[in-house]
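For reference, entry34.txt (compact mmCIF, C-alpha atoms and all ligand atoms):
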# COMPACT_ATOMS: atom_id res chain seq x y z
CA MET A 1 2.91 -0.71 20.29
CA SER A 2 0.87 0.09 17.22
CA ARG A 3 -2.58 1.51 18.04
CA ILE A 4 -4.09 0.10 14.86
CA GLY A 5 -2.51 -3.25 15.74
CA ALA A 6 -4.12 -3.11 19.18
CA ILE A 7 -7.48 -2.41 17.57
CA PHE A 8 -7.12 -5.34 15.18
CA ARG A 9 -5.98 -7.64 17.98
CA ALA A 10 -9.02 -6.67 20.04
CA HIS A 11 -11.53 -6.91 17.19
CA ASP A 12 -9.86 -9.23 14.68
CA GLU A 13 -12.27 -12.09 15.10
CA ALA A 14 -15.39 -9.96 14.75
CA TYR A 15 -13.89 -8.02 11.84
CA CYS A 16 -12.88 -11.14 9.95
CA ARG A 17 -16.28 -12.72 10.66
CA SER A 18 -18.09 -9.68 9.23
CA SER A 19 -15.83 -9.13 6.22
CA GLY A 20 -13.86 -12.33 5.97
CA SER A 21 -15.23 -13.38 2.64
CA HIS A 22 -14.21 -10.02 1.21
CA LEU A 23 -10.63 -10.16 2.43
CA SER A 24 -8.00 -11.37 0.03
CA ALA A 25 -5.02 -13.42 1.17
CA ASP A 26 -2.87 -10.27 0.85
CA GLN A 27 -5.25 -8.29 3.03
CA ARG A 28 -5.22 -11.05 5.66
CA ARG A 29 -1.41 -10.96 5.65
CA VAL A 30 -1.53 -7.19 6.22
CA LEU A 31 -3.89 -7.69 9.16
CA ARG A 32 -1.56 -10.30 10.68
CA ALA A 33 1.43 -7.99 10.20
CA LEU A 34 -0.30 -5.03 11.85
CA GLU A 35 -1.43 -7.19 14.75
CA ALA A 36 2.09 -8.45 15.33
CA CYS A 37 3.89 -5.12 14.89
CA HIS A 38 5.82 -4.07 18.01
CA THR A 39 4.63 -7.06 20.02
CA PRO A 40 6.41 -10.15 21.37
CA ALA A 41 5.15 -12.04 18.30
CA LEU A 42 8.01 -10.59 16.23
CA GLY A 43 10.65 -10.74 18.95
CA GLY A 44 12.70 -7.81 20.07
CA VAL A 45 16.06 -6.16 20.32
CA ARG A 46 17.89 -5.04 23.44
CA TRP A 47 19.90 -1.88 22.85
CA GLN A 48 22.65 -1.04 25.32
CA CYS A 49 24.75 2.08 25.56
CA SER A 50 28.46 1.24 25.47
CA ARG A 51 29.28 4.19 27.74
CA CYS A 52 26.73 4.15 30.54
CA GLY A 53 25.41 0.60 30.22
CA GLY A 54 21.82 1.83 30.08
CA ALA A 55 19.62 -0.56 28.13
CA VAL A 56 16.35 -0.32 26.25
CA PHE A 57 14.29 -3.16 24.85
CA THR A 58 12.13 -2.64 21.75
CA TYR A 59 9.90 -5.07 19.93
CA ARG A 60 10.55 -5.48 16.22
CA SER A 61 8.35 -3.70 13.71
CA CYS A 62 6.47 -5.52 10.97
CA GLY A 63 7.90 -3.41 8.14
CA ASN A 64 4.65 -3.68 6.23
CA ARG A 65 4.07 -0.66 3.99
CA HIS A 66 0.44 -0.50 5.13
CA CYS A 67 1.40 -0.22 8.79
CA PRO A 68 1.02 3.31 10.13
CA ALA A 69 3.63 2.55 12.78
CA CYS A 70 6.44 1.58 10.44
CA GLY A 71 5.30 1.67 6.80
CA TYR A 72 4.69 5.41 6.70
CA ALA A 73 8.40 6.19 6.75
CA ASP A 74 8.99 3.80 3.84
CA ALA A 75 6.14 5.41 1.89
CA MET A 76 7.65 8.87 2.45
CA LEU A 77 11.07 7.62 1.31
CA TRP A 78 9.45 6.17 -1.83
CA LEU A 79 7.70 9.48 -2.47
CA ALA A 80 10.97 11.40 -2.06
CA ARG A 81 12.67 9.04 -4.54
CA GLN A 82 9.84 9.56 -7.03
CA LYS A 83 10.06 13.35 -6.65
CA ARG A 84 13.76 13.22 -7.52
CA LEU A 85 12.79 11.59 -10.84
CA LEU A 86 10.57 14.50 -11.87
CA LEU A 87 11.91 16.60 -14.70
CA PRO A 88 12.19 20.34 -14.12
CA GLY A 89 9.78 22.44 -16.15
CA VAL A 90 7.56 19.48 -17.00
CA THR A 91 3.90 19.49 -16.07
CA TYR A 92 2.67 16.40 -14.24
CA HIS A 93 -0.91 15.29 -13.79
CA LEU A 94 -2.40 12.74 -11.45
CA THR A 95 -5.11 10.57 -12.93
CA THR A 96 -7.01 8.14 -10.76
CA PHE A 97 -8.82 5.13 -12.18
CA THR A 98 -11.41 3.38 -10.11
CA VAL A 99 -13.13 0.11 -10.87
CA PRO A 100 -16.84 -0.68 -10.55
CA ASN A 101 -17.89 -2.43 -7.35
CA ALA A 102 -18.61 -5.65 -9.24
CA LEU A 103 -14.91 -5.92 -10.16
CA ARG A 104 -13.44 -5.14 -6.72
CA ASN A 105 -13.58 -8.65 -5.27
CA PRO A 106 -12.33 -10.41 -8.42
CA ILE A 107 -9.39 -7.96 -8.57
CA ARG A 108 -8.62 -8.42 -4.85
CA ASN A 109 -8.75 -12.17 -5.19
CA HIS A 110 -6.70 -12.36 -8.41
CA PRO A 111 -4.40 -9.31 -8.33
CA ARG A 112 -1.54 -10.93 -10.26
CA GLU A 113 -3.81 -11.75 -13.17
CA LEU A 114 -6.09 -8.70 -13.17
CA PHE A 115 -3.90 -5.72 -12.20
CA PRO A 116 -1.80 -6.01 -15.38
CA ILE A 117 -5.01 -6.01 -17.44
CA LEU A 118 -6.32 -2.99 -15.52
CA PHE A 119 -3.01 -1.13 -15.91
CA ASP A 120 -2.88 -1.93 -19.65
CA ALA A 121 -6.45 -0.68 -20.12
CA ALA A 122 -5.72 2.52 -18.16
CA ALA A 123 -2.49 3.18 -20.09
CA SER A 124 -4.17 2.51 -23.46
CA SER A 125 -6.99 4.90 -22.59
CA LEU A 126 -4.63 7.68 -21.50
CA LEU A 127 -2.35 7.24 -24.52
CA ALA A 128 -5.27 7.30 -26.97
CA LEU A 129 -6.79 10.35 -25.31
CA CYS A 130 -3.49 12.25 -25.16
CA ARG A 131 -2.52 11.42 -28.77
CA ASP A 132 -5.81 12.83 -30.02
CA PRO A 133 -5.08 16.34 -31.38
CA ARG A 134 -8.43 17.52 -30.01
CA HIS A 135 -7.05 16.94 -26.49
CA LEU A 136 -3.26 17.03 -26.07
CA GLY A 137 -1.86 15.83 -29.38
CA ALA A 138 1.24 14.44 -27.71
CA LEU A 139 2.70 11.25 -26.38
CA PRO A 140 2.82 11.32 -22.57
CA ALA A 141 5.00 9.28 -20.25
CA LEU A 142 3.12 7.24 -17.68
CA THR A 143 3.84 5.89 -14.22
CA ALA A 144 1.25 3.58 -12.71
CA VAL A 145 0.96 2.93 -9.00
CA ARG A 146 -1.41 0.48 -7.41
CA ARG A 147 -3.24 1.68 -4.34
CA GLU A 148 -5.92 -0.34 -2.63
CA ALA A 149 -8.72 1.65 -1.10
CA ALA A 150 -10.17 0.66 2.23
CA ALA A 151 -13.05 -1.77 1.88
ZN ZN B 201 4.40 -2.20 11.59
Using structure tokens, write down the structure from this file.
Amino acid sequence: MSRIGAIFRAHDEAYCRSSGSHLSADQRRVLRALEACHTPALGGVRWQCSRCGGAVFTYRSCGNRHCPACGYADAMLWLARQKRLLLPGVTYHLTTFTVPNALRNPIRNHPRELFPILFDAAASSLLALCRDPRHLGALPALTAVRREAAA
């Protein structure tokens, strides 16, 4: 059973009451997934050894990438795949863009419309800065990854 899921199940109502207006539909879906992870809500699987007949029952996992019980492994697999794409001898830099507080709720509530605009603005800024001979004077390659910070 997921510990974070147990916490959300115990305090879901109070949490949603206190921050409900700030939660997007996607965030509510994540909460529901974490609450249901490794519980009867998602059903289960009975595993039985063909030799000794010993059996074990496990509840299904939610598979949500935000779930610490089952999404962490997927995140590590994604990271390993990304590392295999890195070119040898090439310098990589991590640049983090944050948005002002006033834009957080609109972006959470309209991610399909606003994330592309945010990514385009971030890419344009980096490309302009890197092309400038006073800085890098080169054309970089960019990979953008969306990560939502905790509220
Ligand atoms: Zn899970």
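With only C-alpha atoms as the basis for measurement, A:Pro111 is the residue among A:Leu136, A:Ile117, A:Trp78, A:Pro111 that approaches A:Asp26 most closely.
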(request) Might you pull out every residue within 7 Å of A:Ser61, with all atoms listed in the file counted and same-chain residues fewer than 3 positions away left off, and present them as an MDAnalysis selection string? (result) chainID A and resid 37:38 70
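Taking atom CA of A:Cys130 and atom CA of A:Ala102 as the two end points, the separation is 28.3 Å.
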(request) List all protein, DNA and RNA residues that have any atom at most 8 Å from ligand ZN 201 (chain B), counting all atoms listed in the file, and write the list as a PyMOL selection string. (result) chain A and resi 2+33-34+36-38+61-71
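A straight line drawn from atom CA of A:Trp47 to atom CA of A:Arg60 is 12.0 Å long.
Nearest residue to A:Thr143, choosing from A:Ala128, A:Leu94, A:Leu118, A:Ile107 and counting all atoms listed in the file: A:Leu94.
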(request) Quote the spacing between atom CA of A:Pro40 and atom CA of A:Tyr72 in Å to one decimal place. (result) 21.5 Å
(message) Counting all atoms listed in the file, which residue out of A:Leu129, A:Ala55, A:Phe115, A:Gly43 sits closest to A:Leu103?
(response) A:Phe115
(message) My list of candidates is A:Val30, A:Leu114, A:Ala141, A:Ala73. Which is closest to A:Leu86 when distances are computed with all atoms listed in the file?
(response) A:Ala141
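Considering only C-alpha atoms, the residue among A:Cys16, A:Val145, A:Ala25, A:Ala6 positioned nearest to A:Gln82 is A:Val145.
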(request) Tell me which protein, DNA and RNA residues are within 9 Å of A:Ser24, counting all atoms listed in the file, leaving out same-chain ones fewer than 4 positions away, and put them as an NGL selection string. (result) :A and (20 or 28-29 or 105 or 108-110)
Repair of stretch 7-18 of chain A at the level of all heavy atoms, as a compact mmCIF listing (two decimals), in the coordinates of the input:
# COMPACT_ATOMS: atom_id res chain seq x y z
N ILE A 7 -6.07 -2.36 17.97
CA ILE A 7 -7.48 -2.41 17.57
C ILE A 7 -7.78 -3.72 16.84
O ILE A 7 -8.77 -4.39 17.11
CB ILE A 7 -7.84 -1.19 16.70
CG1 ILE A 7 -7.78 0.08 17.54
CG2 ILE A 7 -9.21 -1.36 16.06
CD1 ILE A 7 -7.85 1.36 16.74
N PHE A 8 -6.90 -4.09 15.92
CA PHE A 8 -7.12 -5.34 15.18
C PHE A 8 -7.02 -6.54 16.10
O PHE A 8 -7.79 -7.49 15.96
CB PHE A 8 -6.14 -5.48 14.02
CG PHE A 8 -6.55 -4.69 12.81
CD1 PHE A 8 -5.65 -3.82 12.22
CD2 PHE A 8 -7.82 -4.80 12.27
CE1 PHE A 8 -6.01 -3.08 11.11
CE2 PHE A 8 -8.19 -4.06 11.16
CZ PHE A 8 -7.28 -3.19 10.58
N ARG A 9 -6.08 -6.50 17.05
CA ARG A 9 -5.98 -7.64 17.98
C ARG A 9 -7.26 -7.78 18.80
O ARG A 9 -7.74 -8.87 19.05
CB ARG A 9 -4.77 -7.48 18.91
CG ARG A 9 -3.45 -7.86 18.25
CD ARG A 9 -2.31 -7.90 19.26
NE ARG A 9 -2.07 -6.61 19.88
CZ ARG A 9 -1.40 -5.61 19.32
NH1 ARG A 9 -0.88 -5.75 18.11
NH2 ARG A 9 -1.23 -4.46 19.95
N ALA A 10 -7.82 -6.63 19.21
CA ALA A 10 -9.02 -6.67 20.04
C ALA A 10 -10.26 -7.07 19.25
O ALA A 10 -11.18 -7.68 19.79
CB ALA A 10 -9.23 -5.29 20.69
N HIS A 11 -10.30 -6.71 17.96
CA HIS A 11 -11.53 -6.91 17.19
C HIS A 11 -11.33 -7.78 15.96
O HIS A 11 -12.22 -7.84 15.11
CB HIS A 11 -12.10 -5.55 16.79
CG HIS A 11 -12.37 -4.66 17.95
ND1 HIS A 11 -13.44 -4.85 18.80
CD2 HIS A 11 -11.67 -3.61 18.44
CE1 HIS A 11 -13.40 -3.93 19.76
NE2 HIS A 11 -12.34 -3.17 19.57
N ASP A 12 -10.19 -8.43 15.86
CA ASP A 12 -9.86 -9.23 14.68
C ASP A 12 -10.93 -10.26 14.34
O ASP A 12 -11.39 -10.35 13.21
CB ASP A 12 -8.51 -9.92 14.92
CG ASP A 12 -8.19 -10.93 13.85
OD1 ASP A 12 -8.95 -11.90 13.71
OD2 ASP A 12 -7.18 -10.75 13.17
N GLU A 13 -11.33 -11.00 15.35
CA GLU A 13 -12.27 -12.09 15.10
C GLU A 13 -13.60 -11.56 14.56
O GLU A 13 -14.12 -12.07 13.56
CB GLU A 13 -12.51 -12.89 16.39
CG GLU A 13 -13.07 -14.26 16.14
CD GLU A 13 -13.08 -15.08 17.42
OE1 GLU A 13 -12.04 -15.12 18.09
OE2 GLU A 13 -14.14 -15.63 17.72
N ALA A 14 -14.11 -10.53 15.20
CA ALA A 14 -15.39 -9.96 14.75
C ALA A 14 -15.24 -9.33 13.36
O ALA A 14 -16.12 -9.47 12.51
CB ALA A 14 -15.88 -8.92 15.75
N TYR A 15 -14.11 -8.65 13.14
CA TYR A 15 -13.89 -8.02 11.84
C TYR A 15 -13.81 -9.05 10.73
O TYR A 15 -14.45 -8.92 9.70
CB TYR A 15 -12.62 -7.17 11.88
CG TYR A 15 -12.34 -6.47 10.58
CD1 TYR A 15 -13.08 -5.36 10.20
CD2 TYR A 15 -11.36 -6.94 9.72
CE1 TYR A 15 -12.85 -4.73 9.00
CE2 TYR A 15 -11.12 -6.32 8.50
CZ TYR A 15 -11.87 -5.21 8.15
OH TYR A 15 -11.64 -4.60 6.96
N CYS A 16 -13.02 -10.10 10.97
CA CYS A 16 -12.88 -11.14 9.95
C CYS A 16 -14.20 -11.88 9.73
O CYS A 16 -14.51 -12.28 8.61
CB CYS A 16 -11.78 -12.12 10.33
SG CYS A 16 -10.14 -11.41 10.11
N ARG A 17 -14.98 -12.05 10.79
CA ARG A 17 -16.28 -12.72 10.66
C ARG A 17 -17.21 -11.87 9.78
O ARG A 17 -17.91 -12.38 8.94
CB ARG A 17 -16.88 -12.94 12.04
CG ARG A 17 -17.79 -14.14 12.12
CD ARG A 17 -18.33 -14.47 13.51
NE ARG A 17 -18.42 -13.40 14.46
CZ ARG A 17 -17.63 -13.27 15.54
NH1 ARG A 17 -16.71 -14.16 15.79
NH2 ARG A 17 -17.76 -12.28 16.38
N SER A 18 -17.18 -10.54 9.98
CA SER A 18 -18.09 -9.68 9.23
C SER A 18 -17.62 -9.42 7.80
O SER A 18 -18.42 -9.18 6.93
CB SER A 18 -18.29 -8.35 9.96
OG SER A 18 -17.10 -7.60 9.94
